[in-house]
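Here is query.txt, consisting of compact mmCIF, C-alpha atoms and all ligand atoms:
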# COMPACT_ATOMS: atom_id res chain seq x y z
CA VAL J 1 -122.16 -18.33 -15.23
CA ALA J 2 -122.14 -16.78 -11.75
CA GLY J 3 -125.96 -16.64 -11.79
CA ILE J 4 -126.29 -20.30 -12.73
CA ALA J 5 -123.67 -21.31 -10.16
CA HIS J 6 -125.62 -19.52 -7.41
CA GLU J 7 -128.86 -21.13 -8.63
CA ILE J 8 -127.23 -24.57 -8.28
CA ASN J 9 -125.60 -23.73 -4.97
CA ASN J 10 -128.85 -23.11 -3.08
CA PRO J 11 -130.47 -26.54 -3.63
CA LEU J 12 -127.07 -28.18 -3.08
CA THR J 13 -126.87 -26.59 0.35
CA GLY J 14 -130.32 -28.03 1.08
CA ILE J 15 -129.27 -31.52 -0.04
CA LEU J 16 -126.14 -31.37 2.12
CA LEU J 17 -128.02 -30.12 5.15
CA PHE J 18 -130.75 -32.76 5.02
CA SER J 19 -128.49 -35.66 4.07
CA SER J 20 -126.12 -34.78 6.95
CA MET J 21 -129.09 -34.64 9.31
CA ILE J 22 -130.31 -38.08 8.22
CA SER J 23 -126.81 -39.58 8.45
CA LYS J 24 -126.61 -38.53 12.11
CA ASP J 25 -130.01 -40.06 12.95
CA GLU J 26 -129.47 -42.96 15.36
CA LYS J 27 -132.46 -44.84 13.94
CA LEU J 28 -130.81 -44.93 10.52
CA ASP J 29 -130.37 -48.49 9.26
CA PRO J 30 -126.57 -49.04 9.24
CA ARG J 31 -126.87 -50.57 5.76
CA HIS J 32 -127.89 -47.18 4.44
CA LYS J 33 -125.26 -45.20 6.25
CA SER J 34 -122.45 -45.69 3.76
CA ASP J 35 -124.77 -44.98 0.82
CA LEU J 36 -125.78 -41.76 2.45
CA GLU J 37 -122.16 -40.88 3.04
CA THR J 38 -121.60 -41.32 -0.69
CA VAL J 39 -124.46 -38.90 -1.34
CA ILE J 40 -122.88 -36.38 1.01
CA ARG J 41 -119.40 -36.80 -0.48
CA GLU J 42 -120.64 -36.43 -4.05
CA THR J 43 -122.73 -33.41 -3.12
CA GLU J 44 -119.68 -31.81 -1.56
CA ARG J 45 -117.85 -32.50 -4.80
CA CYS J 46 -120.60 -30.66 -6.72
CA ALA J 47 -120.31 -27.77 -4.30
CA LYS J 48 -116.57 -27.63 -4.94
CA ILE J 49 -117.13 -27.52 -8.70
CA VAL J 50 -119.68 -24.74 -8.27
CA ARG J 51 -117.18 -22.75 -6.21
CA GLY J 52 -114.68 -23.23 -9.02
CA LEU J 53 -117.22 -21.93 -11.53
CA LEU J 54 -117.87 -18.86 -9.39
CA GLU J 55 -114.15 -18.18 -9.32
CA PHE J 56 -113.97 -18.75 -13.05
CA SER J 57 -116.59 -16.07 -13.75
CA ARG J 58 -115.31 -13.61 -11.16
CA GLU J 59 -111.87 -13.68 -12.68
CA SER J 60 -112.77 -12.93 -16.25
CA VAL J 61 -111.93 -9.20 -16.14
CA PRO J 62 -108.29 -8.55 -15.19
CA GLN J 63 -107.45 -5.55 -12.98
CA LYS J 64 -104.16 -4.69 -14.63
CA LYS J 65 -101.25 -2.88 -13.06
CA TRP J 66 -97.49 -2.91 -13.67
CA THR J 67 -96.56 -6.23 -12.18
CA SER J 68 -93.29 -7.98 -11.40
CA LEU J 69 -93.53 -11.59 -12.58
CA ASN J 70 -90.77 -12.64 -10.20
CA ALA J 71 -92.53 -11.10 -7.22
CA VAL J 72 -95.79 -12.84 -8.11
CA MET J 73 -93.98 -16.15 -8.56
CA MET J 74 -92.24 -15.79 -5.18
CA ALA J 75 -95.57 -14.98 -3.55
CA ALA J 76 -97.23 -18.03 -5.13
CA LEU J 77 -94.34 -20.28 -4.05
CA GLY J 78 -94.39 -18.82 -0.56
CA LEU J 79 -98.04 -19.77 -0.19
CA ILE J 80 -97.62 -23.41 -1.12
CA LYS J 81 -94.03 -24.60 -0.71
CA ASN J 82 -94.45 -25.51 2.96
CA GLN J 83 -97.36 -27.83 2.28
CA ALA J 84 -96.76 -31.53 2.89
CA LEU J 85 -97.13 -32.08 -0.88
CA PHE J 86 -93.78 -30.36 -1.45
CA GLN J 87 -91.89 -32.24 1.25
CA ASN J 88 -89.78 -34.40 -1.07
CA ILE J 89 -89.65 -31.92 -3.91
CA THR J 90 -86.53 -29.91 -4.70
CA ILE J 91 -87.38 -26.45 -5.97
CA ALA J 92 -84.88 -25.01 -8.45
CA THR J 93 -85.58 -21.38 -9.35
CA ASP J 94 -83.87 -19.30 -11.99
CA LEU J 95 -85.65 -15.96 -11.96
CA SER J 96 -84.13 -13.47 -14.35
CA PRO J 97 -83.67 -10.04 -12.75
CA ASP J 98 -84.06 -8.40 -16.19
CA VAL J 99 -87.71 -9.24 -16.75
CA PRO J 100 -89.49 -5.88 -16.88
CA LYS J 101 -92.77 -5.23 -15.13
CA ILE J 102 -95.69 -6.26 -17.29
CA PRO J 103 -99.29 -5.02 -17.41
CA ALA J 104 -101.16 -7.78 -15.59
CA ASP J 105 -103.50 -8.65 -12.76
CA PRO J 106 -101.16 -9.97 -10.03
CA ASN J 107 -103.91 -11.87 -8.22
CA GLN J 108 -104.93 -13.67 -11.38
CA LEU J 109 -101.33 -14.51 -12.30
CA GLU J 110 -100.72 -15.81 -8.80
CA GLN J 111 -103.73 -18.09 -9.23
CA VAL J 112 -102.29 -19.39 -12.53
CA PHE J 113 -98.89 -20.10 -10.98
CA ILE J 114 -100.45 -21.79 -7.94
CA ASN J 115 -102.60 -24.02 -10.17
CA ILE J 116 -99.61 -25.14 -12.22
CA LEU J 117 -97.28 -25.54 -9.22
CA LEU J 118 -99.86 -27.66 -7.40
CA ASN J 119 -100.41 -29.82 -10.48
CA ALA J 120 -96.64 -30.31 -10.70
CA SER J 121 -96.52 -31.45 -7.08
CA HIS J 122 -99.45 -33.83 -7.66
CA ALA J 123 -97.47 -35.38 -10.55
CA MET J 124 -94.52 -36.11 -8.24
CA PRO J 125 -96.04 -37.93 -5.26
CA GLY J 126 -92.72 -39.65 -4.54
CA GLY J 127 -90.69 -36.47 -4.88
CA GLY J 128 -88.75 -34.89 -7.71
CA THR J 129 -87.56 -31.55 -9.00
CA LEU J 130 -89.68 -28.51 -9.67
CA GLY J 131 -88.00 -26.04 -12.03
CA ILE J 132 -89.07 -22.42 -12.30
CA VAL J 133 -87.53 -20.11 -14.88
CA THR J 134 -88.45 -16.56 -15.82
CA GLY J 135 -86.98 -14.45 -18.59
CA TYR J 136 -87.66 -13.08 -22.01
CA ALA J 137 -89.27 -15.23 -24.71
CA GLU J 138 -87.45 -15.58 -28.05
CA ASP J 139 -89.74 -12.79 -29.18
CA ARG J 140 -88.60 -10.09 -26.77
CA ASN J 141 -92.04 -8.51 -26.68
CA TYR J 142 -93.02 -11.34 -24.35
CA ALA J 143 -91.96 -12.42 -20.89
CA LEU J 144 -91.64 -16.16 -20.36
CA VAL J 145 -92.37 -18.28 -17.32
CA LYS J 146 -91.49 -21.97 -17.42
CA ILE J 147 -92.61 -24.40 -14.76
CA SER J 148 -91.28 -27.92 -15.12
CA ASP J 149 -91.56 -31.08 -13.11
CA THR J 150 -90.00 -34.54 -13.18
CA GLY J 151 -93.36 -36.21 -12.58
CA HIS J 152 -95.39 -38.90 -14.31
CA GLY J 153 -96.07 -36.85 -17.43
CA ILE J 154 -99.20 -36.58 -19.57
CA PRO J 155 -100.09 -39.25 -22.14
CA ALA J 156 -100.44 -37.91 -25.70
CA GLU J 157 -104.18 -38.65 -25.84
CA ASN J 158 -104.74 -36.38 -22.80
CA LEU J 159 -102.55 -33.50 -23.90
CA ARG J 160 -105.24 -31.79 -25.95
CA LYS J 161 -107.84 -32.24 -23.20
CA ILE J 162 -106.05 -30.88 -20.15
CA PHE J 163 -107.26 -27.31 -20.72
CA ASP J 164 -110.90 -28.42 -21.04
CA PRO J 165 -113.11 -27.47 -18.09
CA PHE J 166 -113.75 -30.51 -15.86
CA PHE J 167 -111.08 -32.68 -17.47
CA THR J 168 -109.28 -34.40 -14.63
CA THR J 169 -107.45 -37.67 -14.05
CA LYS J 170 -107.60 -37.19 -10.26
CA GLU J 171 -110.51 -39.42 -9.35
CA ASN J 172 -111.77 -37.85 -6.16
CA SER J 173 -109.57 -34.87 -5.57
CA GLY J 174 -109.63 -33.01 -8.88
CA THR J 175 -112.14 -30.52 -10.24
CA GLY J 176 -110.55 -30.25 -13.67
CA LEU J 177 -110.88 -26.48 -13.49
CA GLY J 178 -107.33 -25.39 -12.63
CA LEU J 179 -105.90 -25.40 -16.13
CA SER J 180 -109.04 -24.16 -17.87
CA VAL J 181 -109.20 -21.20 -15.47
CA SER J 182 -105.47 -20.61 -16.00
CA TYR J 183 -105.86 -20.76 -19.77
CA GLY J 184 -108.66 -18.18 -19.59
CA ILE J 185 -106.60 -15.82 -17.44
CA VAL J 186 -103.50 -16.01 -19.64
CA ASN J 187 -105.64 -15.57 -22.74
CA ASN J 188 -107.28 -12.48 -21.21
CA HIS J 189 -103.79 -11.05 -20.76
CA GLY J 190 -102.98 -11.55 -24.43
CA GLY J 191 -100.60 -14.38 -23.59
CA THR J 192 -100.24 -18.04 -24.43
CA ILE J 193 -99.77 -21.18 -22.40
CA GLU J 194 -98.12 -24.26 -23.86
CA VAL J 195 -97.29 -27.67 -22.54
CA GLU J 196 -94.68 -30.30 -23.36
CA SER J 197 -94.71 -33.63 -21.67
CA ALA J 198 -93.11 -37.06 -21.80
CA VAL J 199 -94.69 -39.94 -19.90
CA GLY J 200 -92.44 -41.06 -17.06
CA GLU J 201 -90.09 -38.09 -17.52
CA GLY J 202 -92.01 -34.95 -16.73
CA THR J 203 -93.92 -31.95 -17.92
CA THR J 204 -93.13 -28.33 -18.72
CA PHE J 205 -95.64 -25.50 -18.91
CA ALA J 206 -94.50 -22.36 -20.75
CA ILE J 207 -96.46 -19.16 -20.25
CA LYS J 208 -95.79 -16.14 -22.44
CA LEU J 209 -97.15 -12.74 -21.45
CA PRO J 210 -96.89 -9.53 -23.46
CA ILE J 211 -94.48 -7.03 -21.93
CA GLY J 212 -96.51 -4.11 -23.11
CA ASN J 213 -95.36 -0.76 -24.31
CA GLU J 214 -95.04 1.52 -21.32
CA LEU J 215 -95.72 4.69 -23.28
CA LYS J 216 -98.79 3.25 -24.93
CA GLU J 217 -100.19 1.48 -21.88
CA THR J 218 -99.56 3.91 -19.03
CA ILE J 219 -102.91 5.47 -19.74
CA ALA J 220 -104.80 2.17 -19.87
CA VAL J 221 -103.05 0.58 -16.93
CA GLN J 222 -103.44 1.70 -13.32
CA GLU J 223 -100.12 2.34 -11.56
N1 LIG J 301 -97.69 -31.23 -14.28
C1 LIG J 301 -98.56 -32.20 -14.65
N2 LIG J 301 -98.14 -33.48 -14.78
C2 LIG J 301 -99.00 -34.45 -15.16
N3 LIG J 301 -100.31 -34.25 -15.45
C3 LIG J 301 -100.78 -32.99 -15.35
C4 LIG J 301 -99.94 -31.90 -14.94
N4 LIG J 301 -100.69 -30.77 -14.95
C5 LIG J 301 -101.93 -31.14 -15.33
N5 LIG J 301 -102.00 -32.47 -15.56
C6 LIG J 301 -103.19 -33.23 -16.02
O1 LIG J 301 -104.19 -32.29 -16.41
C7 LIG J 301 -105.40 -32.55 -15.70
C8 LIG J 301 -106.19 -31.26 -15.53
O2 LIG J 301 -105.54 -30.38 -14.63
P1 LIG J 301 -106.40 -29.29 -13.86
O3 LIG J 301 -107.20 -28.52 -14.85
O4 LIG J 301 -105.49 -28.51 -12.97
O5 LIG J 301 -107.42 -30.14 -13.01
P2 LIG J 301 -107.17 -31.05 -11.70
O6 LIG J 301 -105.82 -30.67 -11.14
O7 LIG J 301 -108.30 -30.68 -10.78
O8 LIG J 301 -107.25 -32.46 -12.17
C9 LIG J 301 -104.95 -33.23 -14.43
O9 LIG J 301 -105.97 -34.03 -13.88
C10 LIG J 301 -103.78 -34.08 -14.91
O10 LIG J 301 -104.23 -35.26 -15.54
MG MG J 302 -105.14 -28.73 -10.86
Could you express the structure from this file as structure tokens?
Amino acid sequence: VAGIAHEINNPLTGILLFSSMISKDEKLDPRHKSDLETVIRETERCAKIVRGLLEFSRESVPQKKWTSLNAVMMAALGLIKNQALFQNITIATDLSPDVPKIPADPNQLEQVFINILLNASHAMPGGGTLGIVTGYAEDRNYALVKISDTGHGIPAENLRKIFDPFFTTKENSGTGLGLSVSYGIVNNHGGTIEVESAVGEGTTFAIKLPIGNELKETIAVQE
């Protein structure tokens, strides 16, 4: 995938360069200017997708170490909570101090949490409540992270598509890669990611990650 993405990236850079040059040409017929701007905008969108693909491929092999889920969640929140998107959003956290460290790639998990937190904020443009809970799953071999929002929800017909690469309902701003990348990361950790949603009420993502057996995994996992 990385190879293909690079292959696509080179000609895209050429298209962007030349179309930007033409758009700045004073002799350009004004009638063509807005068309050309569309070309540039759509090319930039392609470039964004390609960057997403590069990330997707880079992140396929987790670098596991004993990781505190709460610390990763706080780091993810710290990075995004001051953005304008979160201005009218109340953040309610309930992070259980008992969750043990789990064998995981903290950078990858942070990416998953950021993707889901940003989606939650996008679903609540007029404000709302973002709920974050960590703890044990019913099966105590798993840690559980729940991220819920009081946003617009996901219609039933979209629920089975949201983890597909490139599925997005965000016309110009979405790449549709956030959840598919997140799904891949959680899957690579031996975990699961589930969603419940009610239109007009909100959405909850539940991520379960294996706690791991310290005795068994100390050898396989870097401290
Ligand atoms: N918390 C949420 N509330 C409502 N819809 C959501 C939520 N999270 C994801 N979605 C839906 O899933 C789609 C795919 O999400 P994602 O893969 O992150 O791509 P993107 O955010 O670029 O659209 C979104 O476009 C949106 O329709
Ligand atoms: Mg997203």
- Task: Kindly provide, as number ranges by chain, the polymer residues lying within 12 Å of (-92.9, -16.7, -20.6), counting all atoms listed in the file and using the coordinates exactly as they appear in the file.
- Result: J: 69-70, 95-96, 99-100, 102, 113, 132-147, 186, 190-195, 204-211
- Task: Please provide the set of residues having any atom within 8 Å of Gly52 in chain J, restricted to only C-alpha atoms, with same-chain residues fewer than 3 positions apart removed, written as a ChimeraX atom specification.
- Result: /J:48-49,55-56,175,177
- Given 8 Å and only C-alpha atoms and all ligand atoms, residues near ligand LIG 301 (chain J) as a PyMOL selection string: chain J and resi 115-124+148-149+151-154+158-159+161-170+173-181+197+202-205
- Note on the structure: Among J:Glu110, J:Glu201, J:Asp98, J:Asp105, Gly78 in chain J is approached most closely, using all atoms listed in the file, by J:Glu110
- Item | CA of Ile80 in chain J to CA of Ala5 in chain J, distance in Å rounded to a single decimal |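 Distance reported for this atom pair: 27.7 Å.
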- Please indicate the distance in Å from CA of Glu196 in chain J to atom MG of ligand MG 302 (chain J), rounded to one decimal place.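 Atom MG of ligand MG 302 (chain J) lies at a distance of 16.4 Å from CA of Glu196 in chain J.
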- Task: For each of J:Asp25, J:Gly126, J:Arg31, J:Asn213, take the minimum atom-to-atom distance to Leu85 in chain J, counting all atoms listed in the file, then give the residue where this is smallest.
- Result: J:Gly126
- Item | Residue neighbourhood Gln87 in chain J, 8 Å, only C-alpha atoms, exclusion window fewer than 4 positions, as JSON, numbers by chain | {"J": [82, 83, 127]}
- Message: Restricting the calculation to all atoms listed in the file: of J:Ala198, J:Met21, J:Ile114, J:Leu12, which residue gets closest to ligand MG 302 (chain J)?
- Response: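 Closest residue, counting all atoms listed in the file: J:Ile114.
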- Task: Can you work out which one of J:Thr43, J:Asn188, J:Asn172, J:Asn10 has the shortest atom-to-atom distance to Gln63 in chain J, counting only C-alpha atoms?
- Result: J:Asn188
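The space between CA of Cys46 in chain J and CA of Ser34 in chain J spans 18.4 Å.
Using all atoms listed in the file, the nearest neighbour of ligand MG 302 (chain J) within the list J:Val112, J:Ile185, J:Val39, J:Ala156 is J:Val112.
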Rebuild range 130-146 of chain J to N, CA, C and O atoms - output it as a PDB file, keeping the file's coordinate frame, please.
ATOM      1  N   LEU J 130     -88.795 -29.512  -9.094  1.00  0.00           N
ATOM      2  CA  LEU J 130     -89.680 -28.510  -9.670  1.00  0.00           C
ATOM      3  C   LEU J 130     -88.776 -27.380 -10.170  1.00  0.00           C
ATOM      4  O   LEU J 130     -87.996 -26.829  -9.392  1.00  0.00           O
ATOM      5  N   GLY J 131     -88.847 -27.092 -11.456  1.00  0.00           N
ATOM      6  CA  GLY J 131     -88.000 -26.040 -12.030  1.00  0.00           C
ATOM      7  C   GLY J 131     -88.834 -24.822 -12.375  1.00  0.00           C
ATOM      8  O   GLY J 131     -89.904 -24.941 -12.962  1.00  0.00           O
ATOM      9  N   ILE J 132     -88.336 -23.649 -11.993  1.00  0.00           N
ATOM     10  CA  ILE J 132     -89.070 -22.420 -12.300  1.00  0.00           C
ATOM     11  C   ILE J 132     -88.099 -21.432 -12.936  1.00  0.00           C
ATOM     12  O   ILE J 132     -87.077 -21.079 -12.334  1.00  0.00           O
ATOM     13  N   VAL J 133     -88.405 -21.022 -14.159  1.00  0.00           N
ATOM     14  CA  VAL J 133     -87.530 -20.110 -14.880  1.00  0.00           C
ATOM     15  C   VAL J 133     -88.348 -18.922 -15.359  1.00  0.00           C
ATOM     16  O   VAL J 133     -89.464 -19.091 -15.861  1.00  0.00           O
ATOM     17  N   THR J 134     -87.813 -17.720 -15.177  1.00  0.00           N
ATOM     18  CA  THR J 134     -88.450 -16.560 -15.820  1.00  0.00           C
ATOM     19  C   THR J 134     -87.404 -15.875 -16.696  1.00  0.00           C
ATOM     20  O   THR J 134     -86.210 -15.996 -16.467  1.00  0.00           O
ATOM     21  N   GLY J 135     -87.890 -15.169 -17.698  1.00  0.00           N
ATOM     22  CA  GLY J 135     -86.980 -14.450 -18.590  1.00  0.00           C
ATOM     23  C   GLY J 135     -87.765 -13.882 -19.749  1.00  0.00           C
ATOM     24  O   GLY J 135     -88.993 -13.765 -19.695  1.00  0.00           O
ATOM     25  N   TYR J 136     -87.021 -13.521 -20.778  1.00  0.00           N
ATOM     26  CA  TYR J 136     -87.660 -13.080 -22.010  1.00  0.00           C
ATOM     27  C   TYR J 136     -87.978 -14.295 -22.879  1.00  0.00           C
ATOM     28  O   TYR J 136     -87.232 -15.282 -22.860  1.00  0.00           O
ATOM     29  N   ALA J 137     -89.046 -14.211 -23.682  1.00  0.00           N
ATOM     30  CA  ALA J 137     -89.270 -15.230 -24.710  1.00  0.00           C
ATOM     31  C   ALA J 137     -88.370 -14.904 -25.900  1.00  0.00           C
ATOM     32  O   ALA J 137     -87.753 -13.838 -25.940  1.00  0.00           O
ATOM     33  N   GLU J 138     -88.279 -15.840 -26.868  1.00  0.00           N
ATOM     34  CA  GLU J 138     -87.450 -15.580 -28.050  1.00  0.00           C
ATOM     35  C   GLU J 138     -87.893 -14.256 -28.690  1.00  0.00           C
ATOM     36  O   GLU J 138     -87.077 -13.436 -29.095  1.00  0.00           O
ATOM     37  N   ASP J 139     -89.197 -14.071 -28.745  1.00  0.00           N
ATOM     38  CA  ASP J 139     -89.740 -12.790 -29.180  1.00  0.00           C
ATOM     39  C   ASP J 139     -89.730 -11.865 -27.957  1.00  0.00           C
ATOM     40  O   ASP J 139     -90.471 -12.076 -27.004  1.00  0.00           O
ATOM     41  N   ARG J 140     -88.831 -10.868 -27.991  1.00  0.00           N
ATOM     42  CA  ARG J 140     -88.600 -10.090 -26.770  1.00  0.00           C
ATOM     43  C   ARG J 140     -89.749  -9.164 -26.385  1.00  0.00           C
ATOM     44  O   ARG J 140     -89.657  -8.412 -25.422  1.00  0.00           O
ATOM     45  N   ASN J 141     -90.850  -9.228 -27.127  1.00  0.00           N
ATOM     46  CA  ASN J 141     -92.040  -8.510 -26.680  1.00  0.00           C
ATOM     47  C   ASN J 141     -92.803  -9.291 -25.618  1.00  0.00           C
ATOM     48  O   ASN J 141     -93.814  -8.823 -25.107  1.00  0.00           O
ATOM     49  N   TYR J 142     -92.330 -10.485 -25.313  1.00  0.00           N
ATOM     50  CA  TYR J 142     -93.020 -11.340 -24.350  1.00  0.00           C
ATOM     51  C   TYR J 142     -92.082 -11.749 -23.214  1.00  0.00           C
ATOM     52  O   TYR J 142     -90.899 -12.003 -23.438  1.00  0.00           O
ATOM     53  N   ALA J 143     -92.666 -11.805 -22.014  1.00  0.00           N
ATOM     54  CA  ALA J 143     -91.960 -12.420 -20.890  1.00  0.00           C
ATOM     55  C   ALA J 143     -92.335 -13.891 -20.874  1.00  0.00           C
ATOM     56  O   ALA J 143     -93.415 -14.274 -21.325  1.00  0.00           O
ATOM     57  N   LEU J 144     -91.435 -14.709 -20.348  1.00  0.00           N
ATOM     58  CA  LEU J 144     -91.640 -16.160 -20.360  1.00  0.00           C
ATOM     59  C   LEU J 144     -91.509 -16.707 -18.942  1.00  0.00           C
ATOM     60  O   LEU J 144     -90.599 -16.332 -18.209  1.00  0.00           O
ATOM     61  N   VAL J 145     -92.460 -17.557 -18.585  1.00  0.00           N
ATOM     62  CA  VAL J 145     -92.370 -18.280 -17.320  1.00  0.00           C
ATOM     63  C   VAL J 145     -92.454 -19.760 -17.646  1.00  0.00           C
ATOM     64  O   VAL J 145     -93.388 -20.189 -18.328  1.00  0.00           O
ATOM     65  N   LYS J 146     -91.454 -20.525 -17.182  1.00  0.00           N
ATOM     66  CA  LYS J 146     -91.490 -21.970 -17.420  1.00  0.00           C
ATOM     67  C   LYS J 146     -91.547 -22.687 -16.084  1.00  0.00           C
ATOM     68  O   LYS J 146     -90.737 -22.410 -15.197  1.00  0.00           O
TER      69      LYS J 146
END
